[in-house]
Amino acid sequence: MKTEQLDKLSVIAAARRLVVKVGSSLVTDDGRGIDHAAVARWADQITALHGLGKEIILVSSGAIAEGMKRLGWAKRPREIPELQAAAAVGQMGLAQAYEAAFSARGRHCAQILLTHADLANRRRYLNARSTLLTLLAHGVVPVINENDTVVTDEIKVGDNDTLGALVTNLVEADALVILTDQPGLYSADPRKDPAAELIVDAQADDPSLVAMAGGAGSSIGKGGMLTKVLAARRAAQSGAHTVIASGREADVLLRLAAGEVIGSQLRAGAGKLAARKQWMVDHLQIGGRVQVDAGAAQRLREGGASLLPVGVVDVVGEFERGDVIAVLDAQGREIARGLTNYAAAEARLIRRAPTTQIASILGFMEEPELIHRDNLVLTQP
Ligand SMILES: Nc1ncnc2c1ncn2[C@@H]1O[C@H](COP(=O)(O)OP(=O)(O)O)[C@@H](O)[C@H]1O
Ligand SMILES: N[C@@H](CCC(=O)OP(=O)(O)O)C(=O)O
């Protein structure tokens with residue numbers, strides 16, 4: 001990890017498809033109301049990037065902060081319906097601001113409000129992907145936010161840094177740019193530690209980054225730096241680099257695209273998960289779990305093995321054939337995920353059974369494996 005300035009090109013220079021996430025404090029001028037000048041600057045830059053052949057998806061926060069401003073609420077409410085009401089009011093403001101800014105530059109933008117449930121279901125996921133790719137193909141700028149007004153705990157992503165990473169993986173973007181109110185990731189929260197140093201360049205999966213990142217420094221932002229670091233790690237799994245930089249830096253997107261190193265760049269490694277395995281890893285909430293014995297856990301960790309019913313000691317929760325379920329080791333830690341060939345009720349009947357007995361226990365056999373290796377991804381090797 002380096003904290004000194006690099007002379008190399010920014011990881012954004014070579015990126016053709018970018019997801020740009022803008023935080024609430026930037027969008028709403030620290031809660032004072034939509035910062036139309038900032039929106040205009042981003043629209044200018046995105047229009048110029050289009051001219052360079054780049055595709056941009058915007059993930060914009062700010063609905064709740066703007067809704068609170070419009071409703072005259074000085075303090076962030078605790079009650080969920082109040083927050084959802086504020087989001088509904090504020091989202092109108094965001095849509096209006098982006099529409100006005102892009103149409104003034106001869107560009108179309110499109111509003112997309114997503115929940116985790118839209119991405120967890122394979123058909124809806126592929127549908128969201130096709131819609132986004134179609135919009136990009138038509139030169140439209142998708143503007144995404146979480147559908148805060150309808151989300152419940154079970155279906156929410158929770159913060160837009162994570163949503164930005166999920167969208168990055170969904171459209172296989174080359175890079176995720178997270179614009180925030182700080183110049184980047186520091187070795188500690190700079191609001192609390194004046195000696196904190198800017199991290200200029202690091203591997204996204206470097207475990208020491210998580211310890212540096214704190215929560216939101218203001219009541220306006222949601223996730224703080226931790227969700228940004230975790231988003232970078234998530235985006236890196238599909239091969240995308242992340243830059244965390246100040247959205248108040250002049251021409252930040254254009255300068256990054258020109259190769260200037262600004263803020264913190266968190267690099268993806270060489271490895272890249274296949275798209276379907278990435279989709280499984282990006283499930284934030286998993287209904288079903290199976291616990292396996294030590295032998296099965298070891299075979300899975302070595303890689304290339306399927307999970308057979310004989311290795312399963314316990315089945316937790318309800319799931320259907322084709323659902324994504326988690327595989328836990330004897331200590332209860334998740335080691336893998338995969339698409340199950342059997343529903344929970346069937347898995348309970350055949351757990352511990354050798355393959356040769358599946359048909360006699362159930363009266364049929366879908367497949368000899370509970371999870372075939374092609375449908376299995378290690379989440380903790
Ligand atoms: N290590 C860190 N480096 C930089 N900022 C940090 C760090 N840890 C915590 N923060 C806080 O994270 C805040 C940015 O997160 P947040 O308020 O959620 O912004 P946004 O609305 O842009 O998502 C900063 O204002 C800062 O106080
Ligand atoms: N979806 C919410 C934003 C949630 C969020 O993650 O906020 P932020 O930390 O400012 O990016 C809204 O529009 O208010």
# chains A, B, ... in the order shown; residues from 1 in each chain; ligands from 1
$ closest_atom_pairs --of "stretch 162-204 of chain A" --to "stretch 22-27 of chain A" --cutoff "8 Å" --atoms "only C-alpha atoms" --output "JSON lines"
{"residue": "A:Ile178", "atom": "CA", "partner": "A:Val22", "partner_atom": "CA", "distance": 6.3}
{"residue": "A:Leu179", "atom": "CA", "partner": "A:Val22", "partner_atom": "CA", "distance": 5.0}
{"residue": "A:Thr180", "atom": "CA", "partner": "A:Gly23", "partner_atom": "CA", "distance": 5.5}
{"residue": "A:Asp181", "atom": "CA", "partner": "A:Leu26", "partner_atom": "CA", "distance": 6.4}
$ residues_near_ligand --ligand "ligand 1" --cutoff "9 Å" --atoms "only C-alpha atoms and all ligand atoms" --output "number ranges by chain"
A: 21-27, 30, 61-62, 159-161, 178-192, 196-199, 209-228, 246-247
$ write_last_selection --atoms "N, CA and C atoms" --output "compact mmCIF listing (two decimals), in the first residue's frame"
# COMPACT_ATOMS: atom_id res chain seq x y z
N LYS A 21 -20.83 6.88 -8.35
CA LYS A 21 -21.76 7.02 -7.22
C LYS A 21 -21.51 8.35 -6.53
N VAL A 22 -22.60 9.11 -6.34
CA VAL A 22 -22.48 10.40 -5.64
C VAL A 22 -23.26 10.34 -4.34
N GLY A 23 -22.61 10.76 -3.24
CA GLY A 23 -23.19 10.65 -1.91
C GLY A 23 -24.16 11.78 -1.59
N SER A 24 -24.96 11.56 -0.54
CA SER A 24 -26.02 12.52 -0.14
C SER A 24 -25.48 13.91 0.15
N SER A 25 -24.34 13.98 0.85
CA SER A 25 -23.86 15.31 1.24
C SER A 25 -23.47 16.13 0.01
N LEU A 26 -22.92 15.45 -1.01
CA LEU A 26 -22.56 16.16 -2.25
C LEU A 26 -23.81 16.62 -2.98
N VAL A 27 -24.76 15.68 -3.13
CA VAL A 27 -25.94 15.96 -3.96
C VAL A 27 -26.78 17.07 -3.32
N ASP A 30 -24.66 19.23 1.67
CA ASP A 30 -24.69 18.94 3.12
C ASP A 30 -26.08 19.13 3.73
N SER A 61 -27.37 9.14 -4.40
CA SER A 61 -28.04 9.22 -3.10
C SER A 61 -28.67 10.61 -2.98
N GLY A 62 -29.30 10.85 -1.85
CA GLY A 62 -29.79 12.21 -1.57
C GLY A 62 -31.29 12.34 -1.45
N ASP A 159 -27.36 0.64 1.54
CA ASP A 159 -26.57 1.85 1.30
C ASP A 159 -26.15 1.86 -0.17
N ASN A 160 -25.90 3.05 -0.67
CA ASN A 160 -25.66 3.18 -2.11
C ASN A 160 -24.22 2.86 -2.53
N ASP A 161 -23.29 2.75 -1.57
CA ASP A 161 -21.96 2.28 -1.95
C ASP A 161 -22.08 0.81 -2.38
N ILE A 178 -16.45 6.34 -6.60
CA ILE A 178 -17.30 6.76 -5.47
C ILE A 178 -16.90 8.18 -5.10
N LEU A 179 -17.80 9.12 -5.40
CA LEU A 179 -17.52 10.52 -5.08
C LEU A 179 -18.16 10.85 -3.73
N THR A 180 -17.36 11.45 -2.85
CA THR A 180 -17.84 11.72 -1.51
C THR A 180 -17.35 13.08 -1.02
N ASP A 181 -17.51 13.33 0.29
CA ASP A 181 -17.17 14.65 0.83
C ASP A 181 -15.75 14.71 1.38
N GLN A 182 -14.99 13.64 1.24
CA GLN A 182 -13.58 13.63 1.66
C GLN A 182 -12.71 13.38 0.43
N PRO A 183 -11.43 13.75 0.48
CA PRO A 183 -10.58 13.52 -0.70
C PRO A 183 -10.33 12.04 -1.01
N GLY A 184 -10.71 11.14 -0.11
CA GLY A 184 -10.51 9.72 -0.37
C GLY A 184 -10.53 8.96 0.93
N LEU A 185 -9.96 7.75 0.89
CA LEU A 185 -9.86 6.93 2.10
C LEU A 185 -8.58 7.32 2.84
N TYR A 186 -8.73 7.63 4.12
CA TYR A 186 -7.58 7.96 4.97
C TYR A 186 -7.28 6.80 5.90
N SER A 187 -6.09 6.84 6.47
CA SER A 187 -5.68 5.76 7.39
C SER A 187 -6.57 5.75 8.64
N ALA A 188 -7.29 6.83 8.89
CA ALA A 188 -8.30 6.90 9.96
C ALA A 188 -9.28 8.00 9.55
N ASP A 189 -10.44 8.08 10.22
CA ASP A 189 -11.41 9.12 9.87
C ASP A 189 -10.77 10.50 10.06
N PRO A 190 -10.58 11.29 8.99
CA PRO A 190 -9.90 12.58 9.12
C PRO A 190 -10.69 13.59 9.96
N ARG A 191 -11.99 13.33 10.15
CA ARG A 191 -12.77 14.23 11.00
C ARG A 191 -12.36 14.06 12.47
N LYS A 192 -11.81 12.88 12.77
CA LYS A 192 -11.45 12.59 14.16
C LYS A 192 -9.95 12.59 14.38
N ALA A 196 -4.31 11.65 10.10
CA ALA A 196 -4.62 10.57 9.15
C ALA A 196 -4.05 10.89 7.77
N GLU A 197 -3.57 9.84 7.10
CA GLU A 197 -2.96 10.03 5.77
C GLU A 197 -3.84 9.45 4.67
N LEU A 198 -3.80 10.09 3.52
CA LEU A 198 -4.59 9.60 2.38
C LEU A 198 -3.95 8.33 1.82
N ILE A 199 -4.77 7.32 1.60
CA ILE A 199 -4.31 6.10 0.93
C ILE A 199 -4.45 6.34 -0.56
N LEU A 209 -7.51 -2.33 5.08
CA LEU A 209 -8.35 -1.16 4.73
C LEU A 209 -9.60 -1.09 5.59
N VAL A 210 -10.14 -2.25 5.90
CA VAL A 210 -11.39 -2.30 6.67
C VAL A 210 -11.19 -1.66 8.05
N ALA A 211 -10.04 -1.91 8.65
CA ALA A 211 -9.76 -1.37 9.98
C ALA A 211 -9.62 0.16 9.95
N MET A 212 -9.21 0.71 8.81
CA MET A 212 -9.03 2.17 8.70
C MET A 212 -10.36 2.90 8.56
N ALA A 213 -11.33 2.19 7.94
CA ALA A 213 -12.56 2.87 7.54
C ALA A 213 -13.56 2.93 8.68
N GLY A 214 -14.05 4.12 8.95
CA GLY A 214 -15.07 4.29 9.99
C GLY A 214 -16.44 4.51 9.38
N GLY A 215 -17.40 4.82 10.24
CA GLY A 215 -18.77 5.06 9.79
C GLY A 215 -18.92 6.46 9.22
N ALA A 216 -20.18 6.84 8.95
CA ALA A 216 -20.43 8.16 8.37
C ALA A 216 -20.04 9.26 9.37
N GLY A 217 -19.39 10.28 8.87
CA GLY A 217 -18.94 11.35 9.75
C GLY A 217 -20.02 12.40 9.99
N SER A 218 -21.09 12.34 9.22
CA SER A 218 -22.18 13.31 9.41
C SER A 218 -23.48 12.53 9.51
N SER A 219 -24.56 13.22 9.84
CA SER A 219 -25.84 12.51 9.92
C SER A 219 -26.49 12.42 8.54
N ILE A 220 -25.86 12.99 7.53
CA ILE A 220 -26.47 12.98 6.18
C ILE A 220 -26.13 11.70 5.43
N GLY A 221 -24.84 11.31 5.48
CA GLY A 221 -24.41 10.10 4.78
C GLY A 221 -24.86 8.86 5.53
N LYS A 222 -24.85 7.74 4.82
CA LYS A 222 -25.37 6.51 5.42
C LYS A 222 -24.24 5.58 5.86
N GLY A 223 -23.40 5.21 4.89
CA GLY A 223 -22.50 4.10 5.18
C GLY A 223 -21.12 4.50 5.70
N GLY A 224 -20.70 5.74 5.46
CA GLY A 224 -19.34 6.13 5.83
C GLY A 224 -18.32 5.47 4.91
N MET A 225 -17.08 5.33 5.39
CA MET A 225 -16.02 4.77 4.55
C MET A 225 -16.06 3.25 4.50
N LEU A 226 -16.58 2.64 5.58
CA LEU A 226 -16.56 1.18 5.62
C LEU A 226 -17.32 0.59 4.43
N THR A 227 -18.52 1.12 4.16
CA THR A 227 -19.29 0.57 3.04
C THR A 227 -18.57 0.83 1.70
N LYS A 228 -17.76 1.88 1.64
CA LYS A 228 -17.03 2.18 0.39
C LYS A 228 -15.91 1.16 0.18
N SER A 246 -12.98 13.00 -3.92
CA SER A 246 -13.87 14.09 -3.56
C SER A 246 -14.70 14.52 -4.77
N GLY A 247 -16.00 14.60 -4.55
CA GLY A 247 -16.88 15.08 -5.62
C GLY A 247 -16.78 16.58 -5.79
$ closest_residue --among "A:Ala343, A:Val151, A:Ala245, A:Ala250" --to "ligand 2" --atoms "only C-alpha atoms and all ligand atoms"
A:Val151
$ residues_around --residues "A:Ala43" --least-positions-apart "4" --cutoff "10 Å" --atoms "only C-alpha atoms" --output "ChimeraX atom specification"
/A:37-39,47-49,98-105,107,141
$ atom_distance --atom1 "atom CA of A:Ile56" --atom2 "atom CA of A:Glu249"
18.5 Å
$ residues_around --residues "A:Gly31" --least-positions-apart "2" --cutoff "7 Å" --atoms "only C-alpha atoms" --output "NGL selection string"
:A and (25 or 28-29 or 33 or 65-66 or 69 or 220)
$ write_last_selection --atoms "C-alpha atoms" --output "PDB file, in the first residue's frame"
ATOM      1  CA  SER A  25     -23.860  15.312   1.238  1.00  0.00           C
ATOM      2  CA  THR A  28     -27.735  18.024  -1.314  1.00  0.00           C
ATOM      3  CA  ASP A  29     -24.987  20.486  -0.344  1.00  0.00           C
ATOM      4  CA  GLY A  33     -30.993  21.256  -0.677  1.00  0.00           C
ATOM      5  CA  ALA A  65     -31.806  14.353   2.705  1.00  0.00           C
ATOM      6  CA  GLU A  66     -33.658  16.294   0.011  1.00  0.00           C
ATOM      7  CA  LYS A  69     -35.266  19.585   3.458  1.00  0.00           C
ATOM      8  CA  ILE A 220     -26.469  12.984   6.184  1.00  0.00           C
TER       9      ILE A 220
END
$ residues_around --residues "A:Pro354" --least-positions-apart "2" --cutoff "6 Å" --atoms "only C-alpha atoms" --output "PDB file with N, CA and C atoms, in the first residue's frame"
ATOM      1  N   VAL A 310     -24.510 -36.645   1.435  1.00  0.00           N
ATOM      2  CA  VAL A 310     -23.880 -37.400   2.522  1.00  0.00           C
ATOM      3  C   VAL A 310     -23.053 -36.512   3.455  1.00  0.00           C
ATOM      4  N   THR A 356     -26.540 -43.358  -3.566  1.00  0.00           N
ATOM      5  CA  THR A 356     -27.308 -44.541  -4.002  1.00  0.00           C
ATOM      6  C   THR A 356     -28.665 -44.649  -3.299  1.00  0.00           C
ATOM      7  N   GLN A 357     -28.838 -43.932  -2.191  1.00  0.00           N
ATOM      8  CA  GLN A 357     -30.111 -44.065  -1.463  1.00  0.00           C
ATOM      9  C   GLN A 357     -31.092 -42.923  -1.747  1.00  0.00           C
TER      10      GLN A 357
END
